[in-house]
Amino acid sequence: MLRVVSWNINGIRRPLQGVYEEPSNCTAMAVGRVLDKLDADIVCLQETKVTRDVLTEPLAIIEGYNSYFSFSRNRSGYSGVATFCKDNATPVAAEEGLSGLLATQNGDVGCYGNMDEFTQEELRTLDSEGRALLTQHKIRTWEGKEKTLTLINVYCPHADPGKPERLAFKMRFYRLLQIRAEALLAAGSHVIILGDLNTAHRPIDHWDAVNLECFEEDPGRKWMDGLLSNLGCQAESHVGPFIDSFRCFQPKQEGAFTCWSVVTGARHLNYGSRLDYVLGDRTLVIDTFQASFLLPEVMGSDHCPVGAVLSVSSVPAKQCPALCTRFLPEFAGTQLKILRFLVRLKQDSVFRQSALQLSNQTQVQMRQNKACVRSTRPRPSQAGSSRGQKNLTSYFRPSSSHPQASPDLELPSLGTLLTTKTQEGEVMAKVAEEQAKASEAKDDKEVRTSFWKSVLGGPLPMPLCGGHREPCVMRTVKKPGPNLGRHFYMCARPRGPPTDPSSRCNFFLWSRPS
């Protein structure tokens with residue numbers, strides 16, 4: 001069996017709480033535990049938010065896996081995808097990007113199709129954000145036949161409603177993805193497209209689809225209509241070259257979502273959408289797919305993992321492709337580091353001999369100093385018995401060395417005793433006076449504090465929402481406009497369907513200016 005899993009991890013460098021039982025601050029250990037938890041032969045991650053300059057060796061090279069990264073070339077901490085393959089599923093080829101412009105001609109996948117409708121500048125822009133990574137594997141069916149399987153790990157762009165140019169970018173990326181996938185199919189390879197496609201295909205894949213305007217007219221959904229077979233695995237329902245594997249096995253399952261808003265707490269009530277897919281070519285899904293699943297119980301991101309199980313075995317390559325991170329100069333040991341210029345690699349024989357002589361002289365001098373100290377230190381026999389060490393009990397019994405009281409000792413007079421008692425009384429009076437002053441200062445401070453509290457009033461209590469009569473939460477407007485920066489109150493409960501009484505109500509109240 002071959003198990004593949006895809007997950008939008010929302011940042012690979014941060015610790016993923018909830019994935020494993022014991023939290024850890026070691027990022028490399030966290031990634032290794034994530035891979036062990038997912039228990040897949042091939043793990044495809046999206047939105048890694050890492051660039052090559054900040055990628056560390058413990059993060060990129062995990063024992064038992066070979067990894068491949070695609071980085072954003074325009075922005076740091078943005079986009080990016082990565083594929084981790086177990087050693088028993090080592091690919092025969094790997095390539096970054098869809099256009100072929102990033103190919104190194106050494107271990108690439110190839111098969112690019114007709115891209116004449118794109119300019120070179122447009123292709124370079126589409127591949128500049130690190131959104132696609134291809135790995136090609138050899139698989140063996142139960143009949144013993146060896147075939148080629150290409151996995152396309154993608155993180156498709158999000159179309160911001162306020163930026164129409166991003167919608168155009170998204171649709172051009174979709175088009176380039178389809179051309180490349182169909183070219184691989186035409187070359188005889190099976191193809192799996194998996195990752196975050198950033199589109200909820202059907203109304204069943206979105207919780208609030210009925211309230212969205214022109215849901216079916218969305219350009220991304222129309223593109224998926226043309227790419228996918230829309231009625232499952234029946235032979236007579238063929239429309240597109242690919243099949244949504246999850247809907248093939250679960251065509252009517254509702255509430256099967258993979259993405260939720262963290263800000264609104266929508267995951268608590270499963271108020272989300274299905275944006276992550278495992279799409280396989282029609283023949284591959286019908287013949288080899290045994291299951292397709294979601295893992296909503298796995299926390300750590302605003303997405304959950306998705307995956308599939310195929311009834312094939314992987315035939316690992318003898319050597320990893322050139323794109324493998326272990327071949328990068330900074331990880332392969334071929335890159336010169338500053339420590340090589342600071343550490344002496346070879347010591348001169350003359351320098352070594354002089355250092356040895358200096359060490360011997362130092363040891364002789366230390367011995368002489370110690371002998372001198374011993375000779376000048378007094379011995380117990382010379383010092384006498386009175387300078388010997390005393391024990392603790394000698395301080396609690398009379399000693400013969402102490403002089404006895406003389407009978408002619410002069411006693412203090414009565415006037416001296418009276419003077420001493422008068423001084424003690426004056427000291428006690430001063431202490432009492434200081435305590436009284438401190439008490440008065442404390443009372444004065446409490447009076448001033450109560451006065452200012454009565455004047456300023458302190459923060460107002462949170463208003464109660466209209467639906468549940470519970471304290472609200474304060475939010476700040478972040479959308480550009482006349483209300484940017486203003487505070488308002490809203491229901492503190494997580495967002496959910498309007499028909500669910502336990503979800504957030506529609507209460508809204510502007511905060512009064514301070």
# chains A, B, ... in the order shown; residues from 1 in each chain; ligands from 1

call {"tool": "residues_around", "arguments": {"residues": "A:Leu197", "least_positions_apart": "6", "cutoff": "7 Å", "atoms": "only C-alpha atoms", "output": "list of chain:residue names"}}
result
A:Tyr155, A:Cys156, A:Leu275, A:Asp276

call {"tool": "write_last_selection", "arguments": {"atoms": "all heavy atoms", "output": "PDB file, in the first residue's frame"}}
result
ATOM      1  N   TYR A 155       0.142  24.750  -3.947  1.00  0.00           N
ATOM      2  CA  TYR A 155      -0.528  25.712  -3.058  1.00  0.00           C
ATOM      3  C   TYR A 155      -1.037  26.824  -3.963  1.00  0.00           C
ATOM      4  O   TYR A 155      -0.319  27.765  -4.283  1.00  0.00           O
ATOM      5  CB  TYR A 155       0.448  26.233  -2.010  1.00  0.00           C
ATOM      6  CG  TYR A 155      -0.104  27.359  -1.159  1.00  0.00           C
ATOM      7  CD1 TYR A 155      -1.387  27.281  -0.618  1.00  0.00           C
ATOM      8  CD2 TYR A 155       0.656  28.497  -0.909  1.00  0.00           C
ATOM      9  CE1 TYR A 155      -1.894  28.314   0.152  1.00  0.00           C
ATOM     10  CE2 TYR A 155       0.151  29.532  -0.131  1.00  0.00           C
ATOM     11  CZ  TYR A 155      -1.115  29.440   0.389  1.00  0.00           C
ATOM     12  OH  TYR A 155      -1.627  30.467   1.155  1.00  0.00           O
ATOM     13  N   CYS A 156      -2.291  26.701  -4.376  1.00  0.00           N
ATOM     14  CA  CYS A 156      -2.858  27.628  -5.351  1.00  0.00           C
ATOM     15  C   CYS A 156      -3.124  28.993  -4.716  1.00  0.00           C
ATOM     16  O   CYS A 156      -3.405  29.086  -3.513  1.00  0.00           O
ATOM     17  CB  CYS A 156      -4.147  27.051  -5.935  1.00  0.00           C
ATOM     18  SG  CYS A 156      -3.881  25.536  -6.890  1.00  0.00           S
ATOM     19  N   LEU A 275     -11.099  23.080   1.083  1.00  0.00           N
ATOM     20  CA  LEU A 275     -10.197  23.687   0.101  1.00  0.00           C
ATOM     21  C   LEU A 275      -9.057  22.763  -0.297  1.00  0.00           C
ATOM     22  O   LEU A 275      -8.338  23.059  -1.256  1.00  0.00           O
ATOM     23  CB  LEU A 275      -9.603  24.994   0.664  1.00  0.00           C
ATOM     24  CG  LEU A 275     -10.585  26.047   1.161  1.00  0.00           C
ATOM     25  CD1 LEU A 275      -9.822  27.265   1.663  1.00  0.00           C
ATOM     26  CD2 LEU A 275     -11.567  26.446   0.074  1.00  0.00           C
ATOM     27  N   ASP A 276      -8.868  21.660   0.441  1.00  0.00           N
ATOM     28  CA  ASP A 276      -7.728  20.764   0.222  1.00  0.00           C
ATOM     29  C   ASP A 276      -8.220  19.466  -0.433  1.00  0.00           C
ATOM     30  O   ASP A 276      -9.211  18.872   0.013  1.00  0.00           O
ATOM     31  CB  ASP A 276      -7.040  20.472   1.544  1.00  0.00           C
ATOM     32  CG  ASP A 276      -6.612  21.744   2.261  1.00  0.00           C
ATOM     33  OD1 ASP A 276      -7.452  22.324   2.977  1.00  0.00           O
ATOM     34  OD2 ASP A 276      -5.454  22.158   2.081  1.00  0.00           O
TER      35      ASP A 276
END

call {"tool": "residues_around", "arguments": {"residues": "A:Pro461", "least_positions_apart": "6", "cutoff": "12 Å", "atoms": "only C-alpha atoms", "output": "ChimeraX atom specification"}}
result
/A:470-474,489,511

call {"tool": "write_last_selection", "arguments": {"atoms": "N, CA and C atoms", "output": "short mmCIF file (atom, residue, chain, number, x, y, z; two decimals), in the first residue's frame"}}
result
data_model
loop_
_atom_site.label_atom_id
_atom_site.label_comp_id
_atom_site.auth_asym_id
_atom_site.auth_seq_id
_atom_site.Cartn_x
_atom_site.Cartn_y
_atom_site.Cartn_z
N GLU A 470 -24.52 37.45 27.32
CA GLU A 470 -23.20 37.14 27.83
C GLU A 470 -22.25 38.29 27.51
N PRO A 471 -21.16 38.46 28.31
CA PRO A 471 -20.22 39.55 28.03
C PRO A 471 -19.61 39.43 26.63
N CYS A 472 -19.51 40.57 25.96
CA CYS A 472 -18.98 40.61 24.60
C CYS A 472 -17.45 40.66 24.62
N VAL A 473 -16.86 40.65 23.43
CA VAL A 473 -15.43 40.88 23.26
C VAL A 473 -15.25 42.12 22.40
N MET A 474 -14.13 42.82 22.64
CA MET A 474 -13.84 44.03 21.87
C MET A 474 -12.93 43.68 20.70
N TYR A 489 -17.85 46.13 19.83
CA TYR A 489 -18.16 44.95 20.62
C TYR A 489 -18.97 43.97 19.78
N SER A 511 -17.77 51.02 20.16
CA SER A 511 -17.25 51.48 21.45
C SER A 511 -17.22 53.00 21.46
#

call {"tool": "residues_around", "arguments": {"residues": "stretch 259-264 of chain A", "least_positions_apart": "5", "cutoff": "8 Å", "atoms": "only C-alpha atoms", "output": "list in words"}}
result
Asn270, Tyr271, Gly272, Ser273, Arg274, Leu275, Asp276, Asp302, His303, Cys304, Pro494 and Arg495 of chain A

call {"tool": "residues_around", "arguments": {"residues": "A:Val315", "least_positions_apart": "3", "cutoff": "7 Å", "atoms": "only C-alpha atoms", "output": "JSON, numbers by chain"}}
result
{"A": [89, 138, 139, 140]}

call {"tool": "residues_around", "arguments": {"residues": "A:Thr325", "least_positions_apart": "2", "cutoff": "12 Å", "atoms": "only C-alpha atoms", "output": "number ranges by chain"}}
result
A: 52, 55-62, 65-70, 82-85, 94, 320-323, 327-332

call {"tool": "write_last_selection", "arguments": {"atoms": "N, CA, C and O atoms", "output": "CSV table (one decimal), in the first residue's frame"}}
result
chain,number,residue,atom,x,y,z
A,52,ARG,N,15.1,29.8,1.4
A,52,ARG,CA,16.3,29.0,1.5
A,52,ARG,C,17.3,29.6,2.5
A,52,ARG,O,18.1,28.9,3.1
A,55,LEU,N,16.4,28.3,5.9
A,55,LEU,CA,16.2,26.8,6.0
A,55,LEU,C,17.4,26.2,6.7
A,55,LEU,O,18.5,26.4,6.3
A,56,THR,N,17.2,25.5,7.8
A,56,THR,CA,18.2,24.9,8.6
A,56,THR,C,18.3,23.4,8.3
A,56,THR,O,17.4,22.8,7.8
A,57,GLU,N,19.5,22.9,8.5
A,57,GLU,CA,19.7,21.4,8.2
A,57,GLU,C,18.8,20.5,9.0
A,57,GLU,O,18.3,19.6,8.5
A,58,PRO,N,18.7,20.7,10.3
A,58,PRO,CA,17.8,19.8,11.1
A,58,PRO,C,16.4,19.9,10.6
A,58,PRO,O,15.6,18.9,10.8
A,59,LEU,N,16.0,21.0,10.1
A,59,LEU,CA,14.6,21.1,9.6
A,59,LEU,C,14.4,20.5,8.2
A,59,LEU,O,13.3,19.9,8.0
A,60,ALA,N,15.4,20.5,7.4
A,60,ALA,CA,15.3,20.1,6.0
A,60,ALA,C,15.6,18.6,5.9
A,60,ALA,O,15.0,17.9,5.0
A,61,ILE,N,16.5,18.1,6.7
A,61,ILE,CA,17.0,16.7,6.6
A,61,ILE,C,16.5,15.9,7.8
A,61,ILE,O,17.0,16.1,8.9
A,62,ILE,N,15.4,15.1,7.6
A,62,ILE,CA,14.8,14.3,8.7
A,62,ILE,C,15.2,12.8,8.5
A,62,ILE,O,15.2,12.3,7.3
A,65,TYR,N,13.8,10.1,5.8
A,65,TYR,CA,13.1,10.8,4.7
A,65,TYR,C,14.1,11.5,3.8
A,65,TYR,O,15.2,11.9,4.2
A,66,ASN,N,13.7,11.8,2.6
A,66,ASN,CA,14.4,12.7,1.7
A,66,ASN,C,13.4,13.8,1.3
A,66,ASN,O,12.3,13.5,1.0
A,67,SER,N,13.9,15.0,1.4
A,67,SER,CA,12.9,16.2,1.3
A,67,SER,C,13.3,17.1,0.1
A,67,SER,O,14.4,17.1,-0.4
A,68,TYR,N,12.2,17.8,-0.4
A,68,TYR,CA,12.4,18.7,-1.5
A,68,TYR,C,11.5,19.9,-1.2
A,68,TYR,O,10.4,19.8,-0.8
A,69,PHE,N,12.1,21.1,-1.5
A,69,PHE,CA,11.5,22.4,-1.2
A,69,PHE,C,11.4,23.3,-2.4
A,69,PHE,O,12.3,23.2,-3.3
A,70,SER,N,10.3,24.0,-2.4
A,70,SER,CA,10.2,25.1,-3.4
A,70,SER,C,9.9,26.4,-2.6
A,70,SER,O,9.0,26.5,-1.8
A,82,ALA,N,6.7,21.9,0.3
A,82,ALA,CA,7.7,20.9,0.5
A,82,ALA,C,7.1,19.5,0.5
A,82,ALA,O,6.0,19.3,0.8
A,83,THR,N,7.9,18.6,0.0
A,83,THR,CA,7.5,17.2,-0.1
A,83,THR,C,8.6,16.3,0.6
A,83,THR,O,9.8,16.4,0.4
A,84,PHE,N,8.1,15.5,1.6
A,84,PHE,CA,8.9,14.6,2.3
A,84,PHE,C,8.6,13.2,1.9
A,84,PHE,O,7.4,12.7,2.0
A,85,CYS,N,9.6,12.4,1.4
A,85,CYS,CA,9.3,11.0,0.9
A,85,CYS,C,10.2,10.1,1.8
A,85,CYS,O,11.3,10.3,2.1
A,94,ALA,N,12.6,14.9,-9.6
A,94,ALA,CA,11.9,16.0,-8.8
A,94,ALA,C,12.2,17.3,-9.5
A,94,ALA,O,13.3,17.5,-10.1
A,320,CYS,N,18.8,9.8,-4.7
A,320,CYS,CA,17.8,10.9,-4.7
A,320,CYS,C,18.1,11.8,-5.9
A,320,CYS,O,19.2,12.0,-6.3
A,321,PRO,N,17.0,12.5,-6.4
A,321,PRO,CA,17.3,13.5,-7.5
A,321,PRO,C,18.1,14.6,-7.0
A,321,PRO,O,18.3,14.9,-5.8
A,322,ALA,N,18.6,15.4,-7.9
A,322,ALA,CA,19.5,16.5,-7.6
A,322,ALA,C,18.8,17.6,-6.8
A,322,ALA,O,19.5,18.4,-6.1
A,323,LEU,N,17.5,17.7,-6.8
A,323,LEU,CA,16.8,18.7,-6.1
A,323,LEU,C,16.7,18.4,-4.6
A,323,LEU,O,16.3,19.3,-3.8
A,327,PHE,N,21.6,17.6,-1.0
A,327,PHE,CA,22.6,17.9,-2.0
A,327,PHE,C,22.9,19.4,-2.0
A,327,PHE,O,23.7,19.9,-2.8
A,328,LEU,N,22.1,20.2,-1.3
A,328,LEU,CA,22.4,21.7,-1.3
A,328,LEU,C,23.8,21.9,-0.7
A,328,LEU,O,24.2,21.2,0.3
A,329,PRO,N,24.5,22.9,-1.2
A,329,PRO,CA,25.9,23.1,-0.7
A,329,PRO,C,26.0,23.3,0.8
A,329,PRO,O,26.9,22.8,1.4
A,330,GLU,N,25.0,24.0,1.3
A,330,GLU,CA,25.1,24.3,2.8
A,330,GLU,C,24.8,23.1,3.6
A,330,GLU,O,25.2,23.1,4.8
A,331,PHE,N,24.2,22.1,3.1
A,331,PHE,CA,23.9,20.9,3.8
A,331,PHE,C,24.8,19.7,3.4
A,331,PHE,O,25.0,18.7,4.2
A,332,ALA,N,25.5,19.8,2.2
A,332,ALA,CA,26.3,18.7,1.7
A,332,ALA,C,27.7,18.8,2.2
A,332,ALA,O,28.6,17.9,1.9

call {"tool": "select_by_dssp", "arguments": {"residues": "stretch 130-320 of chain A", "states": "strand (DSSP E)", "output": "ChimeraX atom specification"}}
result
/A:132-140,146-155,190-196,242-244,259-260,272-273,276-281,289-294,306-310,313-315

call {"tool": "write_last_selection", "arguments": {"atoms": "C-alpha atoms", "output": "PDB file, in the first residue's frame"}}
result
ATOM      1  CA  ALA A 132       4.361  23.914  -7.077  1.00  0.00           C
ATOM      2  CA  LEU A 133       6.688  20.952  -6.620  1.00  0.00           C
ATOM      3  CA  LEU A 134       6.727  17.755  -8.665  1.00  0.00           C
ATOM      4  CA  THR A 135       8.102  14.350  -7.658  1.00  0.00           C
ATOM      5  CA  GLN A 136       8.006  11.355  -9.980  1.00  0.00           C
ATOM      6  CA  HIS A 137       7.932   7.824  -8.569  1.00  0.00           C
ATOM      7  CA  LYS A 138       8.036   4.278  -9.827  1.00  0.00           C
ATOM      8  CA  ILE A 139       5.151   2.117  -8.571  1.00  0.00           C
ATOM      9  CA  ARG A 140       4.318  -1.571  -8.913  1.00  0.00           C
ATOM     10  CA  GLU A 146       5.779  -1.090 -13.063  1.00  0.00           C
ATOM     11  CA  LYS A 147       4.291   2.294 -13.859  1.00  0.00           C
ATOM     12  CA  THR A 148       5.174   5.938 -13.391  1.00  0.00           C
ATOM     13  CA  LEU A 149       3.342   8.169 -10.911  1.00  0.00           C
ATOM     14  CA  THR A 150       3.853  11.939 -10.749  1.00  0.00           C
ATOM     15  CA  LEU A 151       2.721  13.897  -7.687  1.00  0.00           C
ATOM     16  CA  ILE A 152       2.088  17.621  -8.108  1.00  0.00           C
ATOM     17  CA  ASN A 153       2.195  19.327  -4.713  1.00  0.00           C
ATOM     18  CA  VAL A 154       0.450  22.701  -5.143  1.00  0.00           C
ATOM     19  CA  TYR A 155      -0.528  25.712  -3.058  1.00  0.00           C
ATOM     20  CA  HIS A 190      -0.280   8.618 -13.784  1.00  0.00           C
ATOM     21  CA  VAL A 191      -0.835  11.963 -12.056  1.00  0.00           C
ATOM     22  CA  ILE A 192      -2.025  13.024  -8.603  1.00  0.00           C
ATOM     23  CA  ILE A 193      -2.685  16.700  -7.901  1.00  0.00           C
ATOM     24  CA  LEU A 194      -2.815  17.274  -4.151  1.00  0.00           C
ATOM     25  CA  GLY A 195      -2.683  20.298  -1.920  1.00  0.00           C
ATOM     26  CA  ASP A 196      -4.565  23.498  -1.141  1.00  0.00           C
ATOM     27  CA  PHE A 242      -9.329  13.866 -12.965  1.00  0.00           C
ATOM     28  CA  ILE A 243     -11.527  12.706 -10.080  1.00  0.00           C
ATOM     29  CA  ASP A 244     -11.980  14.253  -6.650  1.00  0.00           C
ATOM     30  CA  CYS A 259     -10.231  24.890   6.519  1.00  0.00           C
ATOM     31  CA  TRP A 260     -11.661  27.119   9.262  1.00  0.00           C
ATOM     32  CA  GLY A 272     -15.657  26.017   7.342  1.00  0.00           C
ATOM     33  CA  SER A 273     -15.031  24.891   3.781  1.00  0.00           C
ATOM     34  CA  ASP A 276      -7.728  20.764   0.222  1.00  0.00           C
ATOM     35  CA  TYR A 277      -7.960  17.896  -2.276  1.00  0.00           C
ATOM     36  CA  VAL A 278      -6.360  14.721  -3.531  1.00  0.00           C
ATOM     37  CA  LEU A 279      -7.179  14.600  -7.254  1.00  0.00           C
ATOM     38  CA  GLY A 280      -6.133  11.529  -9.226  1.00  0.00           C
ATOM     39  CA  ASP A 281      -6.384  10.738 -12.899  1.00  0.00           C
ATOM     40  CA  PHE A 289      -7.456   4.033  -4.797  1.00  0.00           C
ATOM     41  CA  GLN A 290      -8.594   2.146  -1.704  1.00  0.00           C
ATOM     42  CA  ALA A 291      -9.588   5.110   0.475  1.00  0.00           C
ATOM     43  CA  SER A 292      -9.586   8.880   0.621  1.00  0.00           C
ATOM     44  CA  PHE A 293      -9.835  10.611   3.986  1.00  0.00           C
ATOM     45  CA  LEU A 294      -9.727  13.809   6.016  1.00  0.00           C
ATOM     46  CA  VAL A 306      -6.124  15.084   3.719  1.00  0.00           C
ATOM     47  CA  GLY A 307      -4.888  11.911   2.121  1.00  0.00           C
ATOM     48  CA  ALA A 308      -5.450   8.717   0.176  1.00  0.00           C
ATOM     49  CA  VAL A 309      -4.371   5.070   0.163  1.00  0.00           C
ATOM     50  CA  LEU A 310      -3.405   3.311  -3.070  1.00  0.00           C
ATOM     51  CA  SER A 313       3.853  -0.464  -3.803  1.00  0.00           C
ATOM     52  CA  SER A 314       6.607   2.045  -4.339  1.00  0.00           C
ATOM     53  CA  VAL A 315       9.828   1.148  -6.114  1.00  0.00           C
TER      54      VAL A 315
END

call {"tool": "select_by_dssp", "arguments": {"residues": "stretch 47-201 of chain A", "states": "helix (DSSP H, G or I)", "output": "MDAnalysis selection string"}}
result
chainID A and resid 52:54 57:60 87:89 120:126 164:186

call {"tool": "residues_around", "arguments": {"residues": "stretch 167-184 of chain A", "least_positions_apart": "2", "cutoff": "7 Å", "atoms": "only C-alpha atoms", "output": "MDAnalysis selection string"}}
result
chainID A and resid 98 111:113 126 156:159 164:165 186:189 191 220

call {"tool": "write_last_selection", "arguments": {"atoms": "all heavy atoms", "output": "short mmCIF file (atom, residue, chain, number, x, y, z; two decimals), in the first residue's frame"}}
result
data_model
loop_
_atom_site.label_atom_id
_atom_site.label_comp_id
_atom_site.auth_asym_id
_atom_site.auth_seq_id
_atom_site.Cartn_x
_atom_site.Cartn_y
_atom_site.Cartn_z
N LEU A 98 6.08 24.82 -12.35
CA LEU A 98 5.26 24.20 -13.39
C LEU A 98 5.74 24.51 -14.80
O LEU A 98 5.45 23.76 -15.73
CB LEU A 98 3.80 24.66 -13.24
CG LEU A 98 3.07 24.27 -11.96
CD1 LEU A 98 1.72 24.96 -11.89
CD2 LEU A 98 2.88 22.75 -11.89
N CYS A 111 8.09 16.99 -19.56
CA CYS A 111 6.71 16.96 -20.07
C CYS A 111 5.96 18.25 -19.71
O CYS A 111 5.16 18.27 -18.76
CB CYS A 111 5.95 15.74 -19.56
SG CYS A 111 6.73 14.16 -19.91
N TYR A 112 6.19 19.32 -20.48
CA TYR A 112 5.64 20.63 -20.14
C TYR A 112 4.40 21.01 -20.95
O TYR A 112 3.65 21.89 -20.54
CB TYR A 112 6.71 21.70 -20.32
CG TYR A 112 7.94 21.42 -19.49
CD1 TYR A 112 9.09 20.89 -20.07
CD2 TYR A 112 7.94 21.63 -18.12
CE1 TYR A 112 10.21 20.61 -19.32
CE2 TYR A 112 9.06 21.34 -17.35
CZ TYR A 112 10.20 20.83 -17.96
OH TYR A 112 11.30 20.55 -17.21
N GLY A 113 4.16 20.36 -22.06
CA GLY A 113 3.00 20.70 -22.86
C GLY A 113 3.20 22.00 -23.65
O GLY A 113 4.28 22.59 -23.66
N LEU A 126 4.57 33.34 -12.44
CA LEU A 126 3.72 32.29 -11.88
C LEU A 126 4.53 31.30 -11.02
O LEU A 126 3.99 30.73 -10.07
CB LEU A 126 2.99 31.55 -12.99
CG LEU A 126 1.91 32.34 -13.73
CD1 LEU A 126 1.40 31.56 -14.94
CD2 LEU A 126 0.75 32.68 -12.80
N CYS A 156 -2.29 26.70 -4.38
CA CYS A 156 -2.86 27.63 -5.35
C CYS A 156 -3.12 28.99 -4.72
O CYS A 156 -3.40 29.09 -3.51
CB CYS A 156 -4.15 27.05 -5.93
SG CYS A 156 -3.88 25.54 -6.89
N PRO A 157 -3.05 30.06 -5.50
CA PRO A 157 -3.22 31.42 -4.95
C PRO A 157 -4.63 31.65 -4.43
O PRO A 157 -5.60 31.03 -4.87
CB PRO A 157 -2.90 32.34 -6.14
CG PRO A 157 -2.18 31.48 -7.12
CD PRO A 157 -2.70 30.09 -6.93
N HIS A 158 -4.71 32.57 -3.47
CA HIS A 158 -6.00 33.02 -2.94
C HIS A 158 -6.42 34.28 -3.67
O HIS A 158 -5.61 35.18 -3.89
CB HIS A 158 -5.88 33.29 -1.44
CG HIS A 158 -7.07 33.98 -0.86
ND1 HIS A 158 -8.31 33.36 -0.73
CD2 HIS A 158 -7.23 35.24 -0.37
CE1 HIS A 158 -9.17 34.20 -0.18
NE2 HIS A 158 -8.54 35.36 0.05
N ALA A 159 -7.68 34.35 -4.05
CA ALA A 159 -8.21 35.51 -4.76
C ALA A 159 -8.80 36.49 -3.76
O ALA A 159 -9.89 36.27 -3.23
CB ALA A 159 -9.25 35.09 -5.79
N PRO A 164 -8.42 42.58 -7.66
CA PRO A 164 -8.82 41.80 -8.84
C PRO A 164 -7.65 41.21 -9.60
O PRO A 164 -7.81 40.19 -10.29
CB PRO A 164 -9.58 42.84 -9.69
CG PRO A 164 -9.14 44.17 -9.18
CD PRO A 164 -8.83 43.99 -7.74
N GLU A 165 -6.46 41.81 -9.48
CA GLU A 165 -5.31 41.25 -10.20
C GLU A 165 -4.91 39.89 -9.64
O GLU A 165 -4.35 39.05 -10.36
CB GLU A 165 -4.12 42.21 -10.13
CG GLU A 165 -3.52 42.40 -8.75
CD GLU A 165 -4.24 43.45 -7.90
OE1 GLU A 165 -5.31 43.92 -8.36
OE2 GLU A 165 -3.74 43.78 -6.82
N ALA A 186 -0.50 12.63 -20.98
CA ALA A 186 -0.29 12.26 -22.38
C ALA A 186 1.03 11.51 -22.57
O ALA A 186 1.15 10.70 -23.51
CB ALA A 186 -0.31 13.52 -23.26
N ALA A 187 2.00 11.76 -21.68
CA ALA A 187 3.29 11.07 -21.79
C ALA A 187 3.27 9.68 -21.18
O ALA A 187 4.29 8.97 -21.22
CB ALA A 187 4.38 11.91 -21.13
N GLY A 188 2.13 9.27 -20.62
CA GLY A 188 2.00 7.92 -20.09
C GLY A 188 2.15 7.80 -18.58
O GLY A 188 2.12 6.69 -18.05
N SER A 189 2.28 8.91 -17.86
CA SER A 189 2.42 8.86 -16.41
C SER A 189 1.07 9.03 -15.74
O SER A 189 0.21 9.77 -16.22
CB SER A 189 3.37 9.97 -15.94
OG SER A 189 3.38 10.06 -14.53
N VAL A 191 -1.03 10.65 -12.68
CA VAL A 191 -0.83 11.96 -12.06
C VAL A 191 -1.77 12.10 -10.86
O VAL A 191 -2.96 11.75 -10.94
CB VAL A 191 -1.08 13.11 -13.06
CG1 VAL A 191 -0.94 14.47 -12.37
CG2 VAL A 191 -0.12 13.01 -14.23
N GLY A 220 -13.10 30.01 -10.37
CA GLY A 220 -12.36 28.85 -9.88
C GLY A 220 -13.20 27.59 -9.88
O GLY A 220 -12.70 26.50 -10.20
#

call {"tool": "atom_distance", "arguments": {"atom1": "atom CA of A:Val81", "atom2": "atom CA of A:Leu102"}}
result
14.7 Å

call {"tool": "residues_around", "arguments": {"residues": "A:His468", "least_positions_apart": "4", "cutoff": "10 Å", "atoms": "only C-alpha atoms", "output": "ChimeraX atom specification"}}
result
/A:464,472,491-493,501-505,507

call {"tool": "write_last_selection", "arguments": {"atoms": "N, CA and C atoms", "output": "tab-separated table (two decimals), in the first residue's frame"}}
result
chain	number	residue	atom	x	y	z
A	464	LEU	N	-23.47	43.23	27.29
A	464	LEU	CA	-23.97	41.88	27.07
A	464	LEU	C	-24.56	41.78	25.67
A	472	CYS	N	-19.51	40.57	25.96
A	472	CYS	CA	-18.98	40.61	24.60
A	472	CYS	C	-17.45	40.66	24.62
A	491	CYS	N	-20.40	39.49	19.85
A	491	CYS	CA	-20.62	38.28	20.64
A	491	CYS	C	-19.31	37.49	20.75
A	492	ALA	N	-19.03	36.97	21.94
A	492	ALA	CA	-17.77	36.27	22.18
A	492	ALA	C	-17.79	34.82	21.74
A	493	ARG	N	-18.92	34.28	21.36
A	493	ARG	CA	-19.00	32.87	20.99
A	493	ARG	C	-18.39	32.64	19.60
A	501	PRO	N	-28.13	27.71	17.74
A	501	PRO	CA	-28.25	28.70	18.82
A	501	PRO	C	-26.99	28.85	19.65
A	502	SER	N	-26.08	27.87	19.60
A	502	SER	CA	-24.85	27.97	20.38
A	502	SER	C	-23.76	28.77	19.67
A	503	SER	N	-24.01	29.19	18.44
A	503	SER	CA	-23.00	29.95	17.69
A	503	SER	C	-23.17	31.44	17.96
A	504	ARG	N	-22.31	32.23	17.38
A	504	ARG	CA	-22.28	33.67	17.59
A	504	ARG	C	-23.56	34.32	17.09
A	505	CYS	N	-24.08	35.25	17.90
A	505	CYS	CA	-25.26	36.01	17.47
A	505	CYS	C	-24.80	37.25	16.69
A	507	PHE	N	-25.00	40.40	17.40
A	507	PHE	CA	-24.87	41.62	18.19
A	507	PHE	C	-23.66	42.43	17.73

call {"tool": "atom_distance", "arguments": {"atom1": "atom CA of A:Asp41", "atom2": "atom CA of A:Gly64"}}
result
10.5 Å

call {"tool": "atom_distance", "arguments": {"atom1": "atom CA of A:Gly300", "atom2": "atom CA of A:Asn8"}}
result
10.1 Å

call {"tool": "closest_residue", "arguments": {"among": "A:Thr104, A:Ser229, A:Gln365, A:Ser79", "to": "A:Arg131", "atoms": "only C-alpha atoms"}}
result
A:Ser79

call {"tool": "closest_residue", "arguments": {"among": "A:Gly240, A:Gly496, A:Pro219, A:Gly255", "to": "A:Asp205", "atoms": "only C-alpha atoms"}}
result
A:Gly255
